[in-house]
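Engineer: As input, take protein-v6.txt (compact mmCIF, C-alpha atoms and all ligand atoms):
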# COMPACT_ATOMS: atom_id res chain seq x y z
CA MET L 69 36.69 21.02 -35.12
CA MET L 70 34.62 17.85 -34.87
CA LYS L 71 35.81 17.30 -31.34
CA ARG L 72 34.91 20.80 -30.21
CA THR L 73 31.48 20.57 -31.77
CA ARG L 74 30.79 17.33 -29.96
CA PHE L 75 31.86 18.79 -26.63
CA ALA L 76 29.66 21.80 -27.21
CA LEU L 77 26.70 19.65 -28.17
CA LEU L 78 26.77 17.48 -25.09
CA PRO L 79 25.36 19.99 -22.57
CA VAL L 80 22.78 21.06 -25.16
CA LEU L 81 21.73 17.44 -25.63
CA ILE L 82 21.41 16.95 -21.88
CA ALA L 83 19.34 20.12 -21.60
CA VAL L 84 17.03 19.00 -24.39
CA VAL L 85 16.66 15.48 -23.05
CA THR L 86 15.91 16.82 -19.57
CA ALA L 87 13.39 19.29 -20.94
CA LEU L 88 11.63 16.47 -22.76
CA GLY L 89 11.35 14.63 -19.50
CA LEU L 90 13.37 11.69 -20.75
CA ILE L 91 15.66 11.95 -17.75
CA ALA L 92 13.42 12.75 -14.84
CA PRO L 93 13.02 11.46 -11.32
CA ALA L 94 10.36 8.78 -11.05
CA SER L 95 8.29 11.06 -8.84
CA ALA L 96 7.83 13.51 -11.69
CA ALA L 97 6.78 10.84 -14.16
CA ARG L 98 3.05 11.39 -13.84
CA GLU L 99 1.20 13.79 -11.56
CA VAL L 100 -1.70 12.02 -9.89
CA ASP L 101 -4.41 13.37 -7.61
CA PRO L 102 -3.29 12.40 -4.10
CA ARG L 103 -6.81 12.70 -2.67
CA PRO L 104 -9.51 11.87 -5.21
CA SER L 105 -12.99 12.31 -3.79
CA THR L 106 -15.10 9.21 -3.26
CA GLU L 107 -17.00 9.96 -6.48
CA GLU L 108 -13.81 10.64 -8.42
CA LEU L 109 -12.25 7.41 -7.16
CA ALA L 110 -15.24 5.39 -8.34
CA ARG L 111 -15.07 7.15 -11.72
CA LYS L 112 -11.36 6.32 -12.03
CA LEU L 113 -11.92 2.65 -11.16
CA PHE L 114 -14.77 2.15 -13.61
CA ASP L 115 -12.79 4.01 -16.25
CA LEU L 116 -10.00 1.47 -15.70
CA GLN L 117 -12.49 -1.37 -16.02
CA LEU L 118 -13.63 0.05 -19.35
CA ARG L 119 -10.20 0.94 -20.74
CA SER L 120 -8.70 -2.41 -19.68
CA ARG L 121 -11.53 -4.21 -21.51
CA GLY L 122 -12.47 -5.95 -18.28
CA GLU L 123 -8.96 -6.92 -17.16
CA VAL L 124 -9.63 -4.68 -14.14
CA ARG L 125 -12.79 -5.84 -12.41
CA VAL L 126 -14.47 -3.47 -9.97
CA LYS L 127 -17.13 -4.36 -7.45
CA PRO L 128 -18.22 -3.21 -4.01
CA ILE L 129 -17.43 -5.57 -1.12
CA GLY L 130 -20.11 -3.78 0.87
CA ALA L 131 -20.94 -0.33 2.13
CA SER L 132 -19.54 1.90 4.83
CA ASN L 133 -21.66 3.03 7.76
CA GLN L 134 -22.65 6.12 5.76
CA GLY L 135 -23.55 4.03 2.73
CA ARG L 136 -20.48 4.62 0.59
CA PRO L 137 -19.30 1.60 -1.44
CA VAL L 138 -16.04 -0.02 -0.36
CA TRP L 139 -14.43 -1.05 -3.64
CA SER L 140 -12.53 -4.14 -4.61
CA ALA L 141 -10.62 -3.76 -7.87
CA ARG L 142 -9.05 -6.97 -9.15
CA VAL L 143 -6.52 -7.47 -11.92
CA GLY L 144 -4.98 -10.67 -13.27
CA HIS L 145 -6.22 -14.25 -13.21
CA GLY L 146 -3.16 -16.18 -12.07
CA PRO L 147 -2.99 -18.76 -9.30
CA THR L 148 -0.96 -16.60 -6.88
CA ARG L 149 -3.32 -14.30 -5.01
CA LEU L 150 -2.25 -10.98 -3.50
CA LEU L 151 -4.44 -8.62 -1.51
CA TYR L 152 -3.51 -4.94 -1.19
CA VAL L 153 -5.53 -2.79 1.21
CA THR L 154 -5.32 1.00 1.23
CA GLN L 155 -6.52 3.75 3.53
CA GLN L 156 -8.04 1.87 6.44
CA HIS L 157 -7.25 5.10 8.24
CA GLY L 158 -9.17 7.80 6.41
CA ASP L 159 -6.53 10.49 6.82
CA GLU L 160 -3.70 8.31 5.43
CA PRO L 161 -4.53 8.70 1.74
CA LEU L 162 -1.52 8.05 -0.46
CA GLY L 163 -1.78 4.27 -0.85
CA THR L 164 -5.05 4.83 -2.71
CA PRO L 165 -3.74 6.82 -5.73
CA ALA L 166 -0.78 4.40 -5.87
CA ALA L 167 -3.24 1.50 -6.14
CA VAL L 168 -5.13 3.22 -8.96
CA GLU L 169 -1.86 3.66 -10.87
CA PHE L 170 -0.92 0.02 -10.19
CA LEU L 171 -4.23 -1.22 -11.55
CA ARG L 172 -3.81 0.97 -14.63
CA GLU L 173 -0.22 -0.11 -15.29
CA VAL L 174 -1.01 -3.81 -14.88
CA GLY L 175 -4.50 -3.84 -16.36
CA VAL L 176 -4.56 -1.38 -19.27
CA GLY L 177 -2.54 -2.66 -22.19
CA ASN L 178 -1.36 -5.93 -23.60
CA ASP L 179 2.39 -5.84 -23.66
CA PRO L 180 4.16 -9.16 -22.98
CA HIS L 181 5.03 -8.29 -19.39
CA GLN L 182 1.48 -7.28 -18.56
CA ARG L 183 0.07 -10.45 -20.11
CA TRP L 184 2.66 -12.60 -18.30
CA LEU L 185 1.98 -10.92 -14.95
CA ARG L 186 -1.79 -11.26 -15.29
CA ASP L 187 -1.31 -14.97 -16.09
CA GLN L 188 0.74 -15.52 -12.92
CA VAL L 189 -1.04 -13.49 -10.26
CA THR L 190 -4.43 -12.20 -9.25
CA VAL L 191 -4.09 -8.94 -7.36
CA ASP L 192 -7.13 -7.73 -5.49
CA VAL L 193 -7.07 -4.23 -4.07
CA VAL L 194 -9.45 -2.95 -1.44
CA VAL L 195 -9.12 0.63 -2.62
CA ARG L 196 -9.82 3.05 0.22
CA ALA L 197 -11.16 0.70 2.87
CA ASN L 198 -12.53 3.63 4.88
CA PRO L 199 -14.35 6.06 2.57
CA ASP L 200 -16.23 7.71 5.47
CA GLY L 201 -12.97 8.42 7.28
CA HIS L 202 -11.61 9.90 4.04
CA GLU L 203 -14.59 12.23 3.73
CA HIS L 204 -14.28 13.31 7.38
CA ASP L 205 -10.48 13.45 7.05
CA TRP L 206 -9.98 11.40 10.18
CA ARG L 207 -8.47 8.08 11.18
CA TYR L 208 -11.69 6.30 12.23
CA ASN L 209 -14.77 5.03 10.48
CA TYR L 210 -18.02 6.95 11.05
CA ASP L 211 -19.91 5.67 14.09
CA PRO L 212 -20.39 8.66 16.41
CA ASP L 213 -22.67 6.82 18.85
CA ALA L 214 -20.18 4.01 19.47
CA GLU L 215 -18.01 3.76 22.54
CA PRO L 216 -15.18 1.87 20.93
CA GLU L 217 -12.47 0.03 22.80
CA PHE L 218 -10.22 1.16 19.93
CA GLY L 219 -11.26 4.40 18.30
CA GLU L 220 -12.71 7.68 19.48
CA ALA L 221 -16.13 8.35 20.99
CA GLY L 222 -18.03 10.81 18.83
CA LYS L 223 -16.14 9.68 15.72
CA GLY L 224 -15.92 5.92 15.29
CA TYR L 225 -13.84 2.77 15.37
CA ASP L 226 -10.19 2.34 14.46
CA ILE L 227 -10.80 -0.22 11.71
CA ASN L 228 -7.27 -1.57 11.98
CA ARG L 229 -7.90 -2.93 15.48
CA TYR L 230 -10.88 -5.09 14.46
CA HIS L 231 -9.42 -7.87 12.29
CA ASP L 232 -9.11 -10.39 15.15
CA PRO L 233 -9.61 -13.81 13.51
CA ALA L 234 -11.56 -14.90 16.61
CA VAL L 235 -14.29 -12.33 15.81
CA ALA L 236 -16.65 -13.35 13.00
CA PRO L 237 -17.31 -10.69 10.34
CA GLU L 238 -21.02 -10.59 11.24
CA ASP L 239 -20.14 -9.87 14.88
CA ASN L 240 -17.59 -7.19 14.00
CA PRO L 241 -18.60 -3.80 15.47
CA ALA L 242 -16.31 -2.01 12.98
CA THR L 243 -18.31 -2.39 9.76
CA GLU L 244 -15.52 -1.86 7.24
CA ALA L 245 -13.17 -4.24 9.10
CA GLY L 246 -15.87 -6.91 8.86
CA LEU L 247 -16.07 -6.29 5.10
CA ILE L 248 -12.32 -6.82 4.73
CA GLN L 249 -12.42 -9.94 6.92
CA ARG L 250 -15.13 -11.48 4.74
CA HIS L 251 -13.36 -10.44 1.54
CA HIS L 252 -10.10 -11.94 2.78
CA ALA L 253 -11.86 -15.21 3.66
CA ASP L 254 -13.44 -15.37 0.18
CA PHE L 255 -10.24 -14.53 -1.70
CA GLN L 256 -7.74 -16.46 0.47
CA PRO L 257 -4.65 -14.47 -0.56
CA GLN L 258 -1.17 -15.90 -0.03
CA VAL L 259 0.09 -12.35 0.57
CA SER L 260 -1.63 -9.31 2.11
CA VAL L 261 -0.15 -5.81 2.14
CA ASP L 262 -1.76 -3.01 4.13
CA TYR L 263 -0.83 0.60 3.19
CA HIS L 264 -0.79 3.32 5.84
CA MET L 265 0.94 6.61 6.64
CA GLN L 266 3.05 7.64 9.60
CA GLY L 267 4.71 10.82 10.90
CA ARG L 268 8.26 11.92 10.08
CA TYR L 269 11.31 10.16 11.51
CA VAL L 270 15.05 10.19 11.10
CA GLY L 271 17.28 7.12 11.02
CA ASP L 272 20.39 6.69 13.11
CA ASP L 273 22.48 7.81 10.10
CA GLY L 274 20.71 11.19 10.04
CA ARG L 275 18.71 10.51 6.85
CA GLU L 276 14.96 10.91 6.92
CA ILE L 277 12.94 7.69 6.98
CA THR L 278 10.53 7.93 4.04
CA ALA L 279 8.66 4.71 4.82
CA SER L 280 8.56 1.91 7.35
CA LEU L 281 7.34 -1.64 7.10
CA MET L 282 6.75 -4.62 9.33
CA TRP L 283 5.67 -8.25 9.28
CA PRO L 284 3.43 -9.88 11.90
CA THR L 285 4.74 -9.62 15.44
CA HIS L 286 2.04 -11.67 17.17
CA PRO L 287 3.83 -14.61 18.83
CA ASP L 288 1.38 -17.23 17.47
CA VAL L 289 2.04 -16.52 13.79
CA ALA L 290 3.55 -19.67 12.29
CA GLU L 291 7.05 -19.73 10.89
CA GLY L 292 5.99 -20.19 7.25
CA PRO L 293 3.78 -17.11 7.01
CA LEU L 294 6.21 -15.10 9.13
CA ASN L 295 9.09 -15.92 6.79
CA LEU L 296 6.98 -15.14 3.71
CA ALA L 297 6.05 -11.76 5.22
CA LYS L 298 9.72 -11.04 5.84
CA GLN L 299 10.57 -12.04 2.25
CA VAL L 300 7.83 -9.75 0.91
CA SER L 301 9.14 -6.98 3.17
CA VAL L 302 12.63 -7.31 1.74
CA VAL L 303 11.28 -7.19 -1.82
CA ALA L 304 9.27 -4.05 -1.04
CA ARG L 305 12.11 -2.37 0.79
CA THR L 306 14.60 -3.06 -2.00
CA ALA L 307 12.31 -1.65 -4.68
CA MET L 308 11.43 1.43 -2.65
CA ASP L 309 15.04 2.16 -1.71
CA GLU L 310 16.10 1.78 -5.36
CA GLY L 311 13.60 4.53 -6.15
CA GLY L 312 15.18 6.87 -3.61
CA ALA L 313 13.25 5.90 -0.49
CA ASN L 314 14.81 5.20 2.89
CA VAL L 315 12.86 2.33 4.44
CA SER L 316 13.05 1.22 8.06
CA GLN L 317 11.34 -1.34 10.23
CA TYR L 318 8.09 -0.19 11.83
CA PRO L 319 7.84 -0.58 15.61
CA GLY L 320 4.28 -2.00 15.65
CA GLY L 321 2.40 -3.83 18.37
CA ASP L 322 1.49 -7.51 18.54
CA TYR L 323 -2.28 -7.13 19.00
CA GLN L 324 -4.22 -9.69 16.96
CA GLY L 325 -6.80 -7.10 15.81
CA ILE L 326 -4.21 -5.33 13.65
CA ALA L 327 -4.53 -6.52 10.04
CA ARG L 328 -0.77 -7.19 9.81
CA ASN L 329 -1.04 -9.68 12.68
CA ALA L 330 -4.53 -11.03 11.96
CA TYR L 331 -3.83 -12.07 8.36
CA GLY L 332 -0.53 -13.59 9.45
CA LEU L 333 -2.37 -15.63 12.10
CA LEU L 334 -4.65 -16.81 9.29
CA GLY L 335 -1.62 -18.21 7.46
CA GLY L 336 -0.70 -15.63 4.82
CA GLY L 337 2.36 -13.48 4.33
CA SER L 338 1.06 -10.24 5.84
CA VAL L 339 2.92 -6.94 5.63
CA LEU L 340 2.32 -3.37 6.74
CA ILE L 341 3.77 -0.47 4.73
CA GLU L 342 3.71 3.04 6.23
CA LEU L 343 4.56 6.03 4.03
CA SER L 344 5.87 9.00 5.97
CA ASP L 345 3.68 12.11 5.83
CA MET L 346 6.39 14.39 4.45
CA GLY L 347 4.20 17.21 3.21
CA ALA L 348 2.62 18.19 -0.09
CA GLU L 349 5.88 18.59 -1.99
CA HIS L 350 6.77 14.93 -1.40
CA GLU L 351 3.38 13.38 -2.10
CA GLN L 352 4.08 12.42 -5.73
CA PHE L 353 7.29 10.77 -4.61
CA GLN L 354 5.48 8.85 -1.88
CA ILE L 355 2.81 7.69 -4.31
CA SER L 356 5.48 6.44 -6.73
CA SER L 357 7.28 4.77 -3.84
CA ALA L 358 4.15 2.84 -2.81
CA LEU L 359 3.56 2.04 -6.48
CA ALA L 360 7.09 0.63 -6.78
CA SER L 361 6.41 -1.68 -3.84
CA MET L 362 3.14 -2.87 -5.37
CA HIS L 363 4.84 -3.75 -8.65
CA ALA L 364 7.86 -5.37 -6.99
CA ILE L 365 5.74 -7.57 -4.74
CA ALA L 366 3.51 -8.64 -7.63
CA ASN L 367 6.49 -9.37 -9.90
CA ALA L 368 8.41 -11.28 -7.22
CA ALA L 369 5.33 -13.36 -6.42
CA ALA L 370 4.75 -13.96 -10.12
CA ASP L 371 8.26 -15.18 -10.96
CA GLY L 372 8.75 -16.93 -7.62
CA SER L 373 11.82 -14.89 -6.74
CA VAL L 374 10.22 -13.87 -3.44
CA ASN L 375 10.90 -17.43 -2.29
CA ASP L 376 14.64 -16.99 -2.89
CA VAL L 377 14.91 -14.06 -0.47
CA ASP L 378 16.60 -14.80 2.85
CA PRO L 379 14.03 -13.82 5.51
CA ALA L 380 16.90 -12.86 7.81
CA GLU L 381 17.54 -9.86 5.52
CA ALA L 382 14.34 -8.35 6.92
CA ASP L 383 15.73 -8.44 10.44
CA ALA L 384 18.69 -6.38 9.19
CA ILE L 385 16.44 -3.50 8.01
CA PRO L 386 17.29 -0.64 10.38
CA PRO L 387 14.91 0.58 13.09
CA ARG L 388 12.81 3.70 12.50
CA GLY L 389 14.62 6.15 14.75
CA GLU L 390 13.41 9.35 16.33
CA PRO L 391 10.51 11.63 15.31
CA ILE L 392 11.60 14.73 13.37
CA THR L 393 8.77 17.09 14.15
CA ALA L 394 7.82 18.23 17.62
CA VAL L 395 4.19 17.46 16.81
CA ASN L 396 4.01 13.98 15.40
CA ALA L 397 0.41 13.13 15.97
CA ARG L 398 -0.10 9.98 13.95
CA THR L 399 -0.85 6.76 15.83
CA GLY L 400 0.62 3.36 15.06
CA ASP L 401 -0.26 0.97 12.20
ZN ZN W 1 -2.71 3.87 9.69
Output the structure of this file as structure tokens.
Ligand SMILES: [Zn+2]

Structural biologist:
Amino acid sequence: MMKRTRFALLPVLIAVVTALGLIAPASAAREVDPRPSTEELARKLFDLQLRSRGEVRVKPIGASNQGRPVWSARVGHGPTRLLYVTQQHGDEPLGTPAAVEFLREVGVGNDPHQRWLRDQVTVDVVVRANPDGHEHDWRYNYDPDAEPEFGEAGKGYDINRYHDPAVAPEDNPATEAGLIQRHHADFQPQVSVDYHMQGRYVGDDGREITASLMWPTHPDVAEGPLNLAKQVSVVARTAMDEGGANVSQYPGGDYQGIARNAYGLLGGGSVLIELSDMGAEHEQFQISSALASMHAIANAAADGSVNDVDPAEADAIPPRGEPITAVNARTGD
């Protein structure tokens, strides 16, 4: 009798536990707005500042061409400095809500892990580097009279081609890139991670690539920062794949104006992460995937385990493979 009762109870228990959300995929853990408006984003950041009792510090690093603040939100006060940048391309939004969740999960609360992490690292996030591009739902900043070498006449500059260390921030024609350059120079991060979105691709094994990443590919990046970028890439890839992602290398160019290359040339471990644009039904998953990478990188920098990673593991990450959709309009980095 006992035995039969226990067998009968098991499926009921599973059903109840599932209904309570105790066993749920990470992507269903917390629905977040994938595209908060500029006003809503500011409200969320200042709410975090308040609720974290100042552990999250929010300030503008300057203003976009249309006068919108470009926000830095900083959490932690440890000696290891990490810079995350989201949404340089206005129509690649999902790194931004992931950053808001990261700031909340690290900054709001006082559990031992949070206190330890904040003692080890300082993470600064440029949250939505391109607010004008977000509002116009396009890749570029807003500078319709410009005739950019990189960008589109009538729209503006491609911010992620204007980080060349040889160009001073005050001479930078792409306003928001100049703001990031200056912010980077002030903060001097050991690690920089730049969040973007790409089209849809399939790996050689037939599985969809949910994200791609890459370290600096400019030939003048020194071995130390290159190896650190590869170590950070392996940490990010491992965490994302453990959450159900399928991460590949990203076939990016070696131009020094791309943030990934520029901040590597300046001596930091600089990494690009591209989330695939897999449609509305996968957005919560992609946000949680980016969030997992943010936590993993911060934790591995905090406990030093990033230094134990063999950089050669990055070279073994598979290539991106072929586009899935016939129309795959997104441009690189
Ligand atoms: Zn991009």

Engineer: Could I get the residue neighbourhood of ligand ZN 1 (chain W) at 10 Å, counting only C-alpha atoms and all ligand atoms, as a PDB file with C-alpha atoms, in the coordinates of the input?

Structural biologist:
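Output below, filename result_12.pdb:
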ATOM      1  CA  THR L 154      -5.320   1.000   1.230  1.00  0.00           C
ATOM      2  CA  GLN L 155      -6.520   3.750   3.530  1.00  0.00           C
ATOM      3  CA  GLN L 156      -8.040   1.870   6.440  1.00  0.00           C
ATOM      4  CA  HIS L 157      -7.250   5.100   8.240  1.00  0.00           C
ATOM      5  CA  GLY L 158      -9.170   7.800   6.410  1.00  0.00           C
ATOM      6  CA  ASP L 159      -6.530  10.490   6.820  1.00  0.00           C
ATOM      7  CA  GLU L 160      -3.700   8.310   5.430  1.00  0.00           C
ATOM      8  CA  PRO L 161      -4.530   8.700   1.740  1.00  0.00           C
ATOM      9  CA  ARG L 207      -8.470   8.080  11.180  1.00  0.00           C
ATOM     10  CA  TYR L 208     -11.690   6.300  12.230  1.00  0.00           C
ATOM     11  CA  ASP L 226     -10.190   2.340  14.460  1.00  0.00           C
ATOM     12  CA  ILE L 227     -10.800  -0.220  11.710  1.00  0.00           C
ATOM     13  CA  ASN L 228      -7.270  -1.570  11.980  1.00  0.00           C
ATOM     14  CA  ASP L 262      -1.760  -3.010   4.130  1.00  0.00           C
ATOM     15  CA  TYR L 263      -0.830   0.600   3.190  1.00  0.00           C
ATOM     16  CA  HIS L 264      -0.790   3.320   5.840  1.00  0.00           C
ATOM     17  CA  MET L 265       0.940   6.610   6.640  1.00  0.00           C
ATOM     18  CA  GLN L 266       3.050   7.640   9.600  1.00  0.00           C
ATOM     19  CA  LEU L 340       2.320  -3.370   6.740  1.00  0.00           C
ATOM     20  CA  ILE L 341       3.770  -0.470   4.730  1.00  0.00           C
ATOM     21  CA  GLU L 342       3.710   3.040   6.230  1.00  0.00           C
ATOM     22  CA  LEU L 343       4.560   6.030   4.030  1.00  0.00           C
ATOM     23  CA  ARG L 398      -0.100   9.980  13.950  1.00  0.00           C
ATOM     24  CA  THR L 399      -0.850   6.760  15.830  1.00  0.00           C
ATOM     25  CA  GLY L 400       0.620   3.360  15.060  1.00  0.00           C
ATOM     26  CA  ASP L 401      -0.260   0.970  12.200  1.00  0.00           C
TER      27      ASP L 401
END

Engineer: Residues of segment 203-290 of chain L that approach segment 328-337 of chain L to 8 Å or less, counting only C-alpha atoms: could you list each one with the shortest pair of atoms and its distance in Å to one decimal, rows by chain and increasing residue number, as JSON lines?

Structural biologist:
{"residue": "L:His231", "atom": "CA", "partner": "L:Ala330", "partner_atom": "CA", "distance": 5.8}
{"residue": "L:Asp232", "atom": "CA", "partner": "L:Ala330", "partner_atom": "CA", "distance": 5.6}
{"residue": "L:Pro233", "atom": "CA", "partner": "L:Ala330", "partner_atom": "CA", "distance": 6.0}
{"residue": "L:Pro257", "atom": "CA", "partner": "L:Gly336", "partner_atom": "CA", "distance": 6.8}
{"residue": "L:Gln258", "atom": "CA", "partner": "L:Gly336", "partner_atom": "CA", "distance": 4.9}
{"residue": "L:Val259", "atom": "CA", "partner": "L:Gly337", "partner_atom": "CA", "distance": 4.5}
{"residue": "L:Ser260", "atom": "CA", "partner": "L:Gly337", "partner_atom": "CA", "distance": 6.2}
{"residue": "L:Val261", "atom": "CA", "partner": "L:Arg328", "partner_atom": "CA", "distance": 7.8}
{"residue": "L:Asp262", "atom": "CA", "partner": "L:Arg328", "partner_atom": "CA", "distance": 7.1}
{"residue": "L:Met282", "atom": "CA", "partner": "L:Arg328", "partner_atom": "CA", "distance": 8.0}
{"residue": "L:Trp283", "atom": "CA", "partner": "L:Arg328", "partner_atom": "CA", "distance": 6.5}
{"residue": "L:Pro284", "atom": "CA", "partner": "L:Asn329", "partner_atom": "CA", "distance": 4.5}
{"residue": "L:Thr285", "atom": "CA", "partner": "L:Asn329", "partner_atom": "CA", "distance": 6.4}
{"residue": "L:His286", "atom": "CA", "partner": "L:Asn329", "partner_atom": "CA", "distance": 5.8}
{"residue": "L:Asp288", "atom": "CA", "partner": "L:Leu333", "partner_atom": "CA", "distance": 6.7}
{"residue": "L:Val289", "atom": "CA", "partner": "L:Leu333", "partner_atom": "CA", "distance": 4.8}
{"residue": "L:Ala290", "atom": "CA", "partner": "L:Leu333", "partner_atom": "CA", "distance": 7.2}

Engineer: Calculate how many Å separate atom CA of Gln354 of chain L from atom CA of Leu162 of chain L, rounding to one decimal.

Structural biologist: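 Those two atoms sit 7.2 Å apart.
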
Engineer: Please, what distance in Å, to one decimal, runs between atom CA of Gln299 of chain L and atom CA of Ala382 of chain L?

Structural biologist: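 Distance reported for this atom pair: 7.0 Å.
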
Engineer: What gap, in Å, lies between atom CA of Asn295 of chain L and atom CA of Ser373 of chain L?

Structural biologist: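 Separation of atom CA of Asn295 of chain L and atom CA of Ser373 of chain L: 13.8 Å.
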